[in-house]
There are 2 protein chains.
Amino acid sequence: MAKEKLVKEITAMDEDFAKWYTDVVSKAELMDYSSVKGCMIIRPYGYAIWENIQSILNSMFKATGHENVYMPMFIPESLLQKEKDHVEGFAPEVAWVTHGGNEKLEERFCVRPTSETLFCDHYKDIIQSYRDLPKLYNQWCSVVRWEKTTRPFLRSREFLWQEGHTIHATAEEAQAETVQMLNVYADFAENYLAIPVVKGVKTEKERFAGAENTYTIEALMHDGKALQSATSHYFGDGFAKAFGIQYTDKDNKLTHPFQTSWGCTTRLIGAVIMTHGDDNGLVLPPAIAPTQLIVIPIATHKAGVTEKATEIYEKVNKICRAKIDLGEQSPGWKFAEYEMKGVPLRLELGPRDIENNQCVICRRDNGEKIVVSLDELEDKISQLLAAVHEGMFNKALERRNQMTYDAHNSEEMKEIADNKPGFIRAMWCGERECEDALKESVGVTSRCIPFNEEQLSDTCVCCGKPAKHMLYWGKAY
Amino acid sequence: MAKEKLVKEITAMDEDFAKWYTDVVSKAELMDYSSVKGCMIIRPYGYAIWENIQSILNSMFKATGHENVYMPMFIPESLLQKEKDHVEGFAPEVAWVTHGGNEKLEERFCVRPTSETLFCDHYKDIIQSYRDLPKLYNQWCSVVRWEKTTRPFLRSREFLWQEGHTIHATAEEAQAETVQMLNVYADFAENYLAIPVVKGVKTEKERFAGAENTYTIEALMHDGKALQSATSHYFGDGFAKAFGIQYTDKDNKLTHPFQTSWGCTTRLIGAVIMTHGDDNGLVLPPAIAPTQLIVIPIATHKAGVTEKATEIYEKVNKICRAKIDLGEQSPGWKFAEYEMKGVPLRLELGPRDIENNQCVICRRDNGEKIVVSLDELEDKISQLLAAVHEGMFNKALERRNQMTYDAHNSEEMKEIADNKPGFIRAMWCGERECEDALKESVGVTSRCIPFNEEQLSDTCVCCGKPAKHMLYWGKAY
């Protein structure tokens with residue numbers, strides 16, 4: 001009864017995916033709306049997911065030699081304007097600070113939408129010699145982009161992220177860094193978030209403002225829309241030239257260094273929800289789930305049940321992030337509650353289980369119930385957490401494969417785009433005109449040229465001229 | 001030679017303490033100035049110290065039941081104005097955002113100087129019943145206060161901090177929380193930063209804007225100035241009334257809950273520098289030192305030295321945060337470098353040491369050199385790290401005791417304030433007039449009424465009327 005009530009509060013996915021999404025983020029208490037339009041409150045459960053994401057990524061960044069720093073949150077207007085493409089890309093969507101206390105500022109500042117300009121300004125001061133290179137910096141912070149339409153985690157005026165900024169003696173080194181960090185993101189998405197991603201490079205049109213190349217990982221959501229999940233940019237020496245960053249190389253010659261930046265955001269939480277969630281709520285990958293296993297005792301009025309459940313909880317809490325719910329609500333209500341919260345494993349223990357020296361473990365990802373002897377609990381839980389991850393990844397991969405279509409001409413592409421949500425793979429001549437035309441006529445945008453291109457045909461799906469690349473297309477968040 | 005050069009770059013403490021401080025923060029590469037006046041860049045070495053502070057405090061907060069959240073960085077002007085005292089305290093020093101992209105905002109926002117108003121606005125939405133209480137929230141973020149004069153780490157327009165915000169069913173519970181968190185800060189300051197602190201309560205004049213009581217830990221810097229190092233505020237139900245936060249209690253009656261907030265900032269890094277530093281640079285407490293031990297091989301041109309030093313480094317890196325310097329510079333240059341960076345222990349290893357199966361460990365806090373057998377290295381290093389902490393704490397405590405003076409009348413107080421930097425303890429009638437008068441005539445501000453008051457005399461040091469409290473006074477940062 002209680003369960004039914006709870007589940008009814010979430011709109012069915014098939015009925016209205018957007019409503020399903022906002023229901024899940026609210027009911028699972030990941031976020032709340034704030035009095036500042038377009039800015040959200042990240043509640044404890046949502047923030048705990050972000051802390052797990054941070055902690056894993058931070059280790060991966062440190063393992064690849066990066067150090068954390070903190071730059072100011074403000075950028076003077078004159079500094080933002082130093083790199084032409086960059087300011088054109090960002091100026092229309094920044095928040096401007098014009099007054100400090102009661103005084104008007106001499107020069108207005110924007111709240112950082114991204115920090116390339118600040119890092120460049122700093123590099124100019126601290127880099128003189130080849131001995132000062134490379135600098136491999138990262139920062140965790142919040143940034144602001146004044147978006148017109150916003151959605152929790154996916155697009156908000158303020159969001160949390162990390163932004164890596166590195167500077168190198170040679171173009172080769174910087175290019176290798178750009179690709180390395182894309183691979184770190186892909187590794188993280190697949191092996192921790194259980195989200196299969198397409199790795200590739202953006203077309204010139206979709207590049208980051210000021211970049212020579214933008215690499216991306218693209219994931220496919222439940223509704224067939226694409227989500228750009230992390231990006232890595234190669235800047236060449238464009239920013240260094242704009243900001244006057246030079247170093248003396250080994251031959252005592254003044255030279256411009258080469259730069260990269262790369263970032264991912266709280267949007268990843270949105271990707272997790274829309275990749276794995278179902279009509280009962282969240283389904284969280286074990287690696288980032290704040291609670292990996294919930295212990296729910298059954299028939300606690302019977303002697304010894306609470307004690308035994310507590311004993312088991314204390315045991316399993318040593319090998320995973322466990323919790324026990326000894327609240328007054330019915331087991332059914334609790335089942336629904338932790339299903340909605342996406343807890344990967346539920347451990348049920350009743351009087352008969354105790355008699356038989358066993359418990360029942362239920363997997364959130366597929367509902368499977370497994371009877372486990374209490375003597376082999378620890379091993380079994382580790383195995384099951386790994387199995388849940390694998391199950392989630394495979395399910396998502398299978399769905400993505402089913403929802404990926406090849407198009408050989410623009411009519412076929414339109415037919416697919418109109419009727420089959422998902423990725424469309426098609427050949428492309430490399431011209432901006434065709435990209436614009438397909439956006440206009442088919443309603444899709446280019447996602448990336450994948451690292452693993454296939455030769456689907458010899459001609460561009462749009463103009464029929466010789467094809468240069470295979471592109472992934474889609475409707476995107 | 002190299003060493004001399006390096007040391008000369010730092011102004012002597014006695015010559016000019018302020019210059020010594022800015023020399024240390026720059027030369028040790030803790031921070032750099034940015035193009036935004038009053039905002040600083042926290043460089044990798046400084047940020048690594050902050051990460052260690054965060055990590056320890058975060059564990060302490062979680063152990064006392066707190067959860068992390070994230071609130072928006074903007075506060076609409078109308079929201080800031082809801083609590084009268086609060087807005088009066090903060091409005092004169094906030095940064096105002098007036099434009100989003102090219103459009104003027106309907107209502108301007110300030111960048112949060114502190115987030116009481118945002119938390120209250122959220123609590124209003126999520127608290128209905130006594131079952132929803134308490135909420136024990138904390139957030140790590142940056143805040144902005146448009147200060148006129150700034151100094152690295154001590155007072156900057158943007159700084160990093162944590163702000164705890166809790167809400168409780170009863171006044172008693174909220175008061176207990178306020179004191180508990182002050183004790184957490186004091187524990188952290190003394191047992192991790194090696195900084196002795198005076199725990200106490202602020203006078204009404206020095207209270208946080210909107211608080212019924214402000215508790216503080218006050219530390220004494222090398223130059224005899226006081227540094228407020230963390231504060232914990234009890235709000236009563238004032239904010240709850242101003243924001244309309246109510247809950248249904250167990251008797252089904254609508255009631256206002258009670259609140260607290262508490263915070264500490266990157267200012268703690270300033271406290272560490274000015275408590276422990278010396279003319280050779282930083283002296284870092286082992287608990288927060290990014291590198292706890294540096295291995296420096298001597299005479300690396302001799303066969304086997306580099307190899308043996310590397311072997312030892314790998315061994316000790318398992319029991320503490322160690323580094324090895326295999327660079328081309330001379331040992332003397334390296335000694336000076338890591339002294340400046342405040343690394344607690346230096347391990348020297350030369351050919352003769354290897355012959356004797358020993359090494360030399362030098363303590364940064366007192367320069368003591370200890371010959372250690374390589375067979376007992378691990379145990380000895382753990383002991384030495386503990387000894388360094390204890391030595392630093394005791395040295396700071398002794399200095400504070402020597403620099404704490406009792407005054408029995410205002411002439412004596414002025415005499416001390418003019419000639420002896422440090423804390424002044426004196427009795428007080430409890431009236432604001434005397435506090436103002438002493439600030440005017442003696443040039444000191446009240447720091448706190450300590451938890452451990454002593455009855456120094458029966459009369460107020462200023463007006464001669466019966467004394468109510470003993471106060472700590474000082475010149476403050």
# chains A, B, ... in the order shown; residues from 1 in each chain; ligands from 1

call {"tool": "residues_around", "arguments": {"residues": "B:Pro134", "least_positions_apart": "5", "cutoff": "10 Å", "atoms": "only C-alpha atoms", "output": "list in words"}}
result
Ile127, Thr166, Ile167, His168, Ala169, Thr170, Glu173, Ala174, Pro257, Phe258 and Gln259 of chain B

call {"tool": "interface_residues", "arguments": {"of": "chain B", "to": "chain A", "cutoff": "6 Å", "atoms": "only C-alpha atoms", "output": "PyMOL selection string"}}
result
chain B and resi 39+41-44+47+67-72+92-97+99-101+146

call {"tool": "write_last_selection", "arguments": {"atoms": "C-alpha atoms", "output": "JSON list (two decimals), in the first residue's frame"}}
result
[["chain", "number", "residue", "atom", "x", "y", "z"],
["B", 39, "CYS", "CA", 41.55, 38.02, -4.67],
["B", 41, "ILE", "CA", 45.55, 32.48, -6.43],
["B", 42, "ILE", "CA", 46.11, 29.50, -4.14],
["B", 43, "ARG", "CA", 49.05, 27.63, -5.66],
["B", 44, "PRO", "CA", 49.53, 23.84, -5.48],
["B", 47, "TYR", "CA", 46.09, 24.27, -1.84],
["B", 67, "GLU", "CA", 26.20, 15.99, 5.94],
["B", 68, "ASN", "CA", 27.56, 18.12, 3.12],
["B", 69, "VAL", "CA", 25.34, 20.05, 0.73],
["B", 70, "TYR", "CA", 25.75, 22.77, -1.86],
["B", 71, "MET", "CA", 23.73, 25.98, -1.98],
["B", 72, "PRO", "CA", 23.73, 28.52, -4.83],
["B", 92, "PRO", "CA", 27.94, 47.08, 2.90],
["B", 93, "GLU", "CA", 30.53, 44.52, 1.86],
["B", 94, "VAL", "CA", 28.94, 42.30, -0.76],
["B", 95, "ALA", "CA", 29.61, 42.07, -4.49],
["B", 96, "TRP", "CA", 26.49, 42.70, -6.57],
["B", 97, "VAL", "CA", 25.59, 40.94, -9.80],
["B", 99, "HIS", "CA", 23.53, 41.73, -15.37],
["B", 100, "GLY", "CA", 23.16, 38.24, -16.85],
["B", 101, "GLY", "CA", 24.76, 38.29, -20.30],
["B", 146, "TRP", "CA", 34.35, 43.29, -0.49]]

call {"tool": "residues_around", "arguments": {"residues": "stretch 372-380 of chain B", "least_positions_apart": "3", "cutoff": "9 Å", "atoms": "only C-alpha atoms", "output": "VMD selection string"}}
result
chain B and resid 312 315 to 316 319 354 356 to 361 383 to 385

call {"tool": "select_by_dssp", "arguments": {"residues": "stretch 115-301 of chain A", "states": "strand (DSSP E or B)", "output": "number ranges by chain"}}
result
A: 129, 135-144, 151, 155, 158-168, 198-201, 213-220, 226-236, 247-248, 254-255, 258-265, 278, 281, 293-297

call {"tool": "residues_around", "arguments": {"residues": "B:Glu415", "least_positions_apart": "2", "cutoff": "12 Å", "atoms": "only C-alpha atoms", "output": "number ranges by chain"}}
result
B: 405-413, 417-421, 424, 441-444

call {"tool": "write_last_selection", "arguments": {"atoms": "N, CA and C atoms", "output": "compact mmCIF listing (two decimals), in the first residue's frame"}}
result
# COMPACT_ATOMS: atom_id res chain seq x y z
N TYR B 405 49.22 39.06 29.51
CA TYR B 405 49.42 39.95 30.66
C TYR B 405 48.08 40.26 31.33
N ASP B 406 48.13 40.45 32.64
CA ASP B 406 46.92 40.86 33.36
C ASP B 406 46.98 42.37 33.62
N ALA B 407 45.85 43.04 33.40
CA ALA B 407 45.78 44.49 33.68
C ALA B 407 44.69 44.73 34.72
N HIS B 408 44.97 45.65 35.64
CA HIS B 408 44.02 45.90 36.73
C HIS B 408 43.37 47.27 36.67
N ASN B 409 43.89 48.13 35.79
CA ASN B 409 43.22 49.41 35.55
C ASN B 409 43.60 49.86 34.14
N SER B 410 42.94 50.90 33.67
CA SER B 410 43.12 51.23 32.25
C SER B 410 44.51 51.80 31.97
N GLU B 411 45.13 52.46 32.96
CA GLU B 411 46.49 52.97 32.74
C GLU B 411 47.45 51.79 32.52
N GLU B 412 47.33 50.82 33.42
CA GLU B 412 48.18 49.63 33.29
C GLU B 412 47.93 48.95 31.94
N MET B 413 46.67 48.91 31.55
CA MET B 413 46.30 48.27 30.29
C MET B 413 46.95 49.01 29.11
N ALA B 417 49.56 47.55 26.46
CA ALA B 417 49.20 47.57 25.03
C ALA B 417 50.24 48.32 24.22
N ASP B 418 50.80 49.38 24.80
CA ASP B 418 51.77 50.18 24.05
C ASP B 418 53.14 49.52 23.97
N ASN B 419 53.46 48.68 24.95
CA ASN B 419 54.83 48.18 25.03
C ASN B 419 55.01 46.68 24.90
N LYS B 420 53.96 45.95 25.20
CA LYS B 420 54.11 44.49 25.19
C LYS B 420 53.05 43.85 24.31
N PRO B 421 53.42 43.47 23.10
CA PRO B 421 52.43 42.82 22.23
C PRO B 421 51.93 41.53 22.87
N ILE B 424 45.85 40.69 26.61
CA ILE B 424 45.69 41.32 27.92
C ILE B 424 44.42 40.75 28.55
N SER B 441 40.78 54.40 23.87
CA SER B 441 41.92 54.91 24.65
C SER B 441 43.12 53.96 24.64
N VAL B 442 42.87 52.65 24.63
CA VAL B 442 43.98 51.69 24.72
C VAL B 442 44.33 51.12 23.34
N GLY B 443 43.37 51.12 22.44
CA GLY B 443 43.65 50.61 21.09
C GLY B 443 43.56 49.10 20.98
N VAL B 444 42.76 48.49 21.87
CA VAL B 444 42.59 47.03 21.78
C VAL B 444 41.09 46.71 21.64

call {"tool": "closest_residue", "arguments": {"among": "A:Thr265, A:Asn452, A:Asn280, A:Ser446", "to": "A:Arg207", "atoms": "only C-alpha atoms"}}
result
A:Ser446

call {"tool": "select_by_dssp", "arguments": {"residues": "stretch 92-140 of chain A", "states": "alpha helix (DSSP H)", "output": "ChimeraX atom specification"}}
result
/A:116-126

call {"tool": "atom_distance", "arguments": {"atom1": "atom CA of A:Arg151", "atom2": "atom CA of A:Glu435"}}
result
26.6 Å

call {"tool": "residues_around", "arguments": {"residues": "B:Glu218", "least_positions_apart": "2", "cutoff": "12 Å", "atoms": "only C-alpha atoms", "output": "VMD selection string"}}
result
chain B and resid 182 185 to 186 189 to 190 195 to 202 215 to 216 220 to 221 224 to 231 268 271 275 400 422 to 423 446 to 451 472 to 477

call {"tool": "write_last_selection", "arguments": {"atoms": "N, CA and C atoms", "output": "short mmCIF file (atom, residue, chain, number, x, y, z; two decimals), in the first residue's frame"}}
result
data_model
loop_
_atom_site.label_atom_id
_atom_site.label_comp_id
_atom_site.auth_asym_id
_atom_site.auth_seq_id
_atom_site.Cartn_x
_atom_site.Cartn_y
_atom_site.Cartn_z
N LEU B 182 32.44 24.39 18.45
CA LEU B 182 33.60 25.16 18.90
C LEU B 182 34.68 24.22 19.43
N TYR B 185 36.57 22.67 16.63
CA TYR B 185 37.58 23.58 16.10
C TYR B 185 38.81 23.67 17.01
N ALA B 186 38.56 23.75 18.30
CA ALA B 186 39.68 23.86 19.24
C ALA B 186 40.53 22.59 19.20
N ALA B 189 42.53 22.76 16.01
CA ALA B 189 43.62 23.76 16.09
C ALA B 189 44.77 23.21 16.93
N GLU B 190 44.45 22.62 18.07
CA GLU B 190 45.52 22.20 18.98
C GLU B 190 46.16 20.87 18.57
N ILE B 195 48.32 24.67 17.29
CA ILE B 195 48.10 26.06 17.70
C ILE B 195 47.25 26.08 18.98
N PRO B 196 47.81 26.53 20.11
CA PRO B 196 46.99 26.65 21.32
C PRO B 196 45.97 27.77 21.14
N VAL B 197 44.75 27.55 21.60
CA VAL B 197 43.70 28.56 21.41
C VAL B 197 42.98 28.83 22.73
N VAL B 198 42.46 30.05 22.83
CA VAL B 198 41.57 30.40 23.94
C VAL B 198 40.15 30.22 23.43
N LYS B 199 39.37 29.38 24.14
CA LYS B 199 37.97 29.18 23.78
C LYS B 199 37.14 30.15 24.59
N GLY B 200 36.21 30.82 23.94
CA GLY B 200 35.38 31.74 24.70
C GLY B 200 34.18 32.23 23.91
N VAL B 201 33.50 33.20 24.49
CA VAL B 201 32.31 33.74 23.86
C VAL B 201 32.56 35.22 23.59
N LYS B 202 32.08 35.70 22.47
CA LYS B 202 32.26 37.10 22.09
C LYS B 202 31.31 37.99 22.91
N TYR B 215 30.59 32.11 19.66
CA TYR B 215 31.74 31.51 20.32
C TYR B 215 32.93 31.58 19.37
N THR B 216 34.11 31.63 19.95
CA THR B 216 35.30 31.82 19.12
C THR B 216 36.49 31.06 19.68
N LEU B 220 47.18 33.38 19.34
CA LEU B 220 48.12 34.50 19.40
C LEU B 220 49.24 34.27 18.39
N MET B 221 49.41 35.27 17.52
CA MET B 221 50.44 35.15 16.50
C MET B 221 51.81 35.57 17.06
N GLY B 224 52.36 38.93 18.43
CA GLY B 224 51.55 39.37 19.56
C GLY B 224 50.14 39.80 19.19
N LYS B 225 49.79 39.70 17.91
CA LYS B 225 48.42 40.03 17.53
C LYS B 225 47.54 38.78 17.63
N ALA B 226 46.26 39.02 17.94
CA ALA B 226 45.31 37.92 18.06
C ALA B 226 44.70 37.60 16.71
N LEU B 227 44.41 36.33 16.50
CA LEU B 227 43.73 35.92 15.28
C LEU B 227 42.52 35.07 15.64
N GLN B 228 41.33 35.61 15.30
CA GLN B 228 40.10 34.83 15.46
C GLN B 228 40.16 33.71 14.44
N SER B 229 40.18 32.45 14.90
CA SER B 229 40.53 31.34 14.01
C SER B 229 39.34 30.51 13.55
N ALA B 230 38.25 30.56 14.30
CA ALA B 230 37.01 29.89 13.89
C ALA B 230 35.92 30.40 14.81
N THR B 231 34.69 30.42 14.32
CA THR B 231 33.59 30.88 15.17
C THR B 231 32.39 29.95 15.03
N LEU B 268 43.06 29.95 8.37
CA LEU B 268 43.81 29.01 9.21
C LEU B 268 45.23 28.81 8.69
N ALA B 271 47.14 31.51 10.06
CA ALA B 271 47.40 31.25 11.48
C ALA B 271 48.60 30.31 11.65
N THR B 275 51.99 31.51 13.48
CA THR B 275 52.23 30.88 14.78
C THR B 275 53.58 30.18 14.79
N ARG B 400 52.77 32.03 24.03
CA ARG B 400 51.50 32.68 24.34
C ARG B 400 51.43 33.01 25.83
N GLY B 422 50.65 41.25 22.74
CA GLY B 422 50.13 40.00 23.29
C GLY B 422 48.69 40.13 23.73
N PHE B 423 48.22 39.11 24.45
CA PHE B 423 46.88 39.15 25.04
C PHE B 423 46.92 39.95 26.33
N SER B 446 38.02 43.63 22.35
CA SER B 446 37.78 42.45 23.18
C SER B 446 37.83 41.22 22.28
N ARG B 447 38.54 40.21 22.73
CA ARG B 447 38.64 38.97 21.94
C ARG B 447 37.55 37.99 22.36
N CYS B 448 37.46 37.72 23.66
CA CYS B 448 36.39 36.84 24.15
C CYS B 448 36.37 36.78 25.68
N ILE B 449 35.23 36.33 26.19
CA ILE B 449 35.13 35.92 27.59
C ILE B 449 35.48 34.44 27.59
N PRO B 450 36.62 34.06 28.19
CA PRO B 450 37.05 32.65 28.05
C PRO B 450 36.13 31.71 28.83
N PHE B 451 36.07 30.46 28.38
CA PHE B 451 35.30 29.45 29.12
C PHE B 451 35.85 29.34 30.54
N TYR B 472 39.49 38.59 27.48
CA TYR B 472 40.76 38.67 26.76
C TYR B 472 40.67 39.84 25.78
N TRP B 473 41.71 40.67 25.80
CA TRP B 473 41.78 41.80 24.87
C TRP B 473 43.03 41.66 24.01
N GLY B 474 43.03 42.34 22.87
CA GLY B 474 44.23 42.32 22.06
C GLY B 474 44.09 43.17 20.82
N LYS B 475 45.20 43.32 20.13
CA LYS B 475 45.14 43.90 18.78
C LYS B 475 44.93 42.72 17.84
N ALA B 476 44.02 42.88 16.92
CA ALA B 476 43.62 41.70 16.14
C ALA B 476 43.86 41.86 14.65
N TYR B 477 44.03 40.72 13.99
CA TYR B 477 44.08 40.71 12.52
C TYR B 477 42.68 40.81 11.96
#

call {"tool": "residues_around", "arguments": {"residues": "stretch 176-181 of chain A", "least_positions_apart": "4", "cutoff": "7 Å", "atoms": "only C-alpha atoms", "output": "ChimeraX atom specification"}}
result
/A:172,185,232-234,260

call {"tool": "atom_distance", "arguments": {"atom1": "atom CA of A:Asp365", "atom2": "atom CA of A:Val388"}}
result
6.4 Å

call {"tool": "atom_distance", "arguments": {"atom1": "atom CA of B:Ala219", "atom2": "atom CA of B:Asp279"}}
result
20.4 Å

call {"tool": "residues_around", "arguments": {"residues": "B:Glu83", "least_positions_apart": "4", "cutoff": "12 Å", "atoms": "only C-alpha atoms", "output": "compact mmCIF listing (two decimals) with N, CA and C atoms, in the first residue's frame"}}
result
# COMPACT_ATOMS: atom_id res chain seq x y z
N GLU B 77 18.61 40.03 -3.51
CA GLU B 77 18.65 41.12 -2.53
C GLU B 77 17.51 41.00 -1.52
N SER B 78 16.33 40.62 -1.99
CA SER B 78 15.17 40.54 -1.10
C SER B 78 15.36 39.45 -0.04
N LEU B 79 16.06 38.39 -0.40
CA LEU B 79 16.29 37.30 0.55
C LEU B 79 17.32 37.73 1.61
N VAL B 87 21.38 41.61 7.45
CA VAL B 87 21.60 42.42 6.25
C VAL B 87 22.42 43.66 6.58
N GLU B 88 22.19 44.25 7.76
CA GLU B 88 22.98 45.42 8.14
C GLU B 88 24.46 45.09 8.27
N GLY B 89 24.73 43.87 8.76
CA GLY B 89 26.11 43.46 8.92
C GLY B 89 26.81 43.19 7.60
N PHE B 90 26.08 42.68 6.63
CA PHE B 90 26.75 42.21 5.42
C PHE B 90 26.56 43.06 4.16
N ALA B 91 25.41 43.75 4.06
CA ALA B 91 25.13 44.47 2.81
C ALA B 91 26.25 45.44 2.40
N GLU B 116 23.51 31.94 5.58
CA GLU B 116 22.37 31.75 6.48
C GLU B 116 21.03 31.89 5.75
N THR B 117 20.92 32.94 4.94
CA THR B 117 19.63 33.22 4.30
C THR B 117 19.24 32.11 3.33
N LEU B 118 20.22 31.56 2.62
CA LEU B 118 19.92 30.48 1.67
C LEU B 118 19.50 29.21 2.41
N CYS B 120 18.14 29.06 5.38
CA CYS B 120 16.81 29.28 5.96
C CYS B 120 15.73 29.09 4.90
N ASP B 121 15.97 29.65 3.74
CA ASP B 121 15.00 29.54 2.65
C ASP B 121 14.75 28.07 2.28
N ALA B 209 26.53 39.04 12.86
CA ALA B 209 25.29 39.75 12.55
C ALA B 209 24.08 38.81 12.55
N GLY B 210 23.23 38.94 13.56
CA GLY B 210 22.03 38.12 13.63
C GLY B 210 22.10 37.03 14.69
N ALA B 211 23.28 36.89 15.34
CA ALA B 211 23.45 35.80 16.32
C ALA B 211 23.06 36.25 17.72
N PHE B 235 21.80 31.05 17.05
CA PHE B 235 20.86 32.05 16.53
C PHE B 235 19.54 32.11 17.28
N ASP B 237 15.78 31.42 17.82
CA ASP B 237 14.81 31.19 16.75
C ASP B 237 14.60 32.46 15.91
N GLY B 238 15.57 33.37 15.99
CA GLY B 238 15.44 34.65 15.28
C GLY B 238 15.34 34.49 13.77
N PHE B 239 16.24 33.70 13.19
CA PHE B 239 16.18 33.48 11.75
C PHE B 239 14.92 32.71 11.37
N ALA B 240 14.58 31.72 12.19
CA ALA B 240 13.38 30.92 11.90
C ALA B 240 12.15 31.82 11.84
N LYS B 241 12.05 32.78 12.77
CA LYS B 241 10.91 33.70 12.75
C LYS B 241 10.95 34.61 11.53
N ALA B 242 12.15 35.12 11.22
CA ALA B 242 12.27 36.03 10.08
C ALA B 242 11.95 35.32 8.76
N PHE B 243 12.25 34.04 8.68
CA PHE B 243 12.05 33.29 7.43
C PHE B 243 10.80 32.42 7.46
N GLY B 244 10.06 32.45 8.57
CA GLY B 244 8.82 31.66 8.62
C GLY B 244 9.05 30.17 8.61
